[in-house]
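First comes the structure, then the notes that go with it.
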Amino acid sequence: NPEFELALIQISKYQSAHKSFGSMMRTMIRKYCAMPAATPPRRIRAFTFDVTGTLVSFVGRLGAHYADCARRCGVHIDPGHLAALEKGFQLAYNETHAAYPCFGGNCISTKDWWRTCVLRSFEVARELELSDGLKNDDAVPRLTEDQKERVFKRIYAQFGSHSTYSAFDDAIPFLRFAKRHGVITGIISNADERYGDSILPMLDIFPDFFIGSKDIGCAKPDRAIFDAAIAEASSCIFCNGDDSSRPIQPNEILHLGNDFEKDFIGARNAKMHAILLDRFGGDNYGDSFSEEGQQWSDAGAPVAKDLLDVIDMLARQNVKFGKPT
């Protein structure tokens, strides 16, 4: 496969400095090159989006948010512990996800899933610092039973609000552009339902539908979550004034995200079009991509710097929008 051989050559320059990336990308390229070659869409009737890094950005440091919530509940955690809290969170998140995939699916509630993860984050952070030689009194404090519930509730409420997220400047104008052109908009997210229920609405982001991994029981890049979005987009066509009786086809949907495997490979496996956003390349000025964005491009993914760049790319390809005429 010439495309496969070219892709392997293109990533070889990264492999010495990024051995883990080289191995991972080889696997992804084998999957990608087994697909039909990507062609520009002729017509787009639906846009689907990842959330964080695509429509919204995380504000501040996770460790700082956790420490501030704890402080407000009477637990002092000085700034020297933030790195341990963040590492503790990542390990606790992976541990909780392994035990209860997709935020618990039908087994436990989202709130109980996060209670397990958040409280375990403090425990793991303390364990890490003690293993590094800190004395008992100098490590992340052990929470009392009363403190556990108060700290968790504070963190859960804060991360379910807009205070830890902000919308990118181009997100709302892009959604308005889609609505003006009769294009359905939807979210395909590996996050829990609070994005659709509270976070996005408080940021004035109102897509036509939200598909979350908890509801479907699988996560991107699993094809089932993309297939669910395709079906949901078709059910929305009348809401946007598309009186065509023909359901939306996968090749009439453009997915926008920022993860090569979850967003690009996942969407392409579902026969959808996909563009990856590299919002942080060259401070978002000029033509340069970030290192990761360049890797995506070299591996064959269309890459845009922001949502305005997406519109420009589609205009150059003479793509039509909305219902067929």
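Note on naming: chains are A, B, ... as they come in the structure tokens, residues start from 1 per chain, ligands start from 1 in the order shown.
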Exercise for the section: Could you tell me, as an MDAnalysis selection string, which residues of range 86-135 of chain A DSSP assigns to alpha helix (DSSP H) when given the backbone? Expected result: chainID A and resid 86:99 110:131
Problem - For Asp204 in chain A: contacts at 12 Å, only C-alpha atoms, fewer than 3 positions along chain excluded, given as a PyMOL selection string - result: chain A and resi 55-56+162+165-169+171-173+175-176+195-201+207
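Nearest to Glu86 in chain A of all the residues A:Ala304, A:Leu128, A:Ala191, A:Cys102 is A:Leu128, based on only C-alpha atoms.
Close contacts of range 103-107 of chain A, defined as residues with an atom at most 9 Å away when counting only C-alpha atoms, with chain neighbours fewer than 5 positions off set aside, comprise Thr96, His97, Asp112, Trp113, Trp114, Ala191, Asp192, Ser213, Lys214, Asp215, Ile216, Gly217 and Cys218 of chain A.
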Handout entry: Glu145 in chain A environment, 12 Å, only C-alpha atoms, sequence neighbours closer than 6 positions dropped, as a ChimeraX atom specification
Key = /A:119,151-152
Handout entry: Contact residues around Val310 in chain A with only C-alpha atoms at 10 Å, ignoring same-chain residues under 4 positions, as a PyMOL selection string
Key = chain A and resi 174+256+275-277+302-306+314-316
Exercise for the section: Give me the residues within 8 Å of His76 in chain A as a list in words, counting only C-alpha atoms and dropping any in the same chain fewer than 2 places off. Expected result: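 Near His76 in chain A, the qualifying residues are Ala67, Ala70, Arg71, Gly74, Asp78 and Pro141 of chain A.
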Could you turn the residues from that selection into a file that holds N, CA and C atoms, as a PDB file, in the first residue's frame?
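After the write, part12.pdb holds the following:
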ATOM      1  N   ALA A  67      -7.414  22.038  45.401  1.00  0.00           N
ATOM      2  CA  ALA A  67      -6.886  22.602  46.639  1.00  0.00           C
ATOM      3  C   ALA A  67      -7.777  23.728  47.161  1.00  0.00           C
ATOM      4  N   ALA A  70     -10.905  22.264  48.678  1.00  0.00           N
ATOM      5  CA  ALA A  70     -10.578  21.694  49.984  1.00  0.00           C
ATOM      6  C   ALA A  70     -10.405  22.791  51.030  1.00  0.00           C
ATOM      7  N   ARG A  71      -9.724  23.872  50.639  1.00  0.00           N
ATOM      8  CA  ARG A  71      -9.500  24.987  51.580  1.00  0.00           C
ATOM      9  C   ARG A  71     -10.828  25.569  52.050  1.00  0.00           C
ATOM     10  N   GLY A  74     -12.195  23.756  54.887  1.00  0.00           N
ATOM     11  CA  GLY A  74     -11.392  23.673  56.092  1.00  0.00           C
ATOM     12  C   GLY A  74     -10.175  22.782  56.014  1.00  0.00           C
ATOM     13  N   ASP A  78      -1.264  23.410  50.620  1.00  0.00           N
ATOM     14  CA  ASP A  78      -0.462  24.495  50.058  1.00  0.00           C
ATOM     15  C   ASP A  78      -0.075  24.196  48.607  1.00  0.00           C
ATOM     16  N   PRO A 141      -3.042  16.158  53.243  1.00  0.00           N
ATOM     17  CA  PRO A 141      -3.764  15.692  54.436  1.00  0.00           C
ATOM     18  C   PRO A 141      -4.729  14.549  54.139  1.00  0.00           C
TER      19      PRO A 141
END
Practice task
Between CA of Lys135 in chain A and CA of Leu62 in chain A, measure the distance and give it in Å to one decimal.
Solution key: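 Result for CA of Lys135 in chain A versus CA of Leu62 in chain A: 24.3 Å, one decimal.
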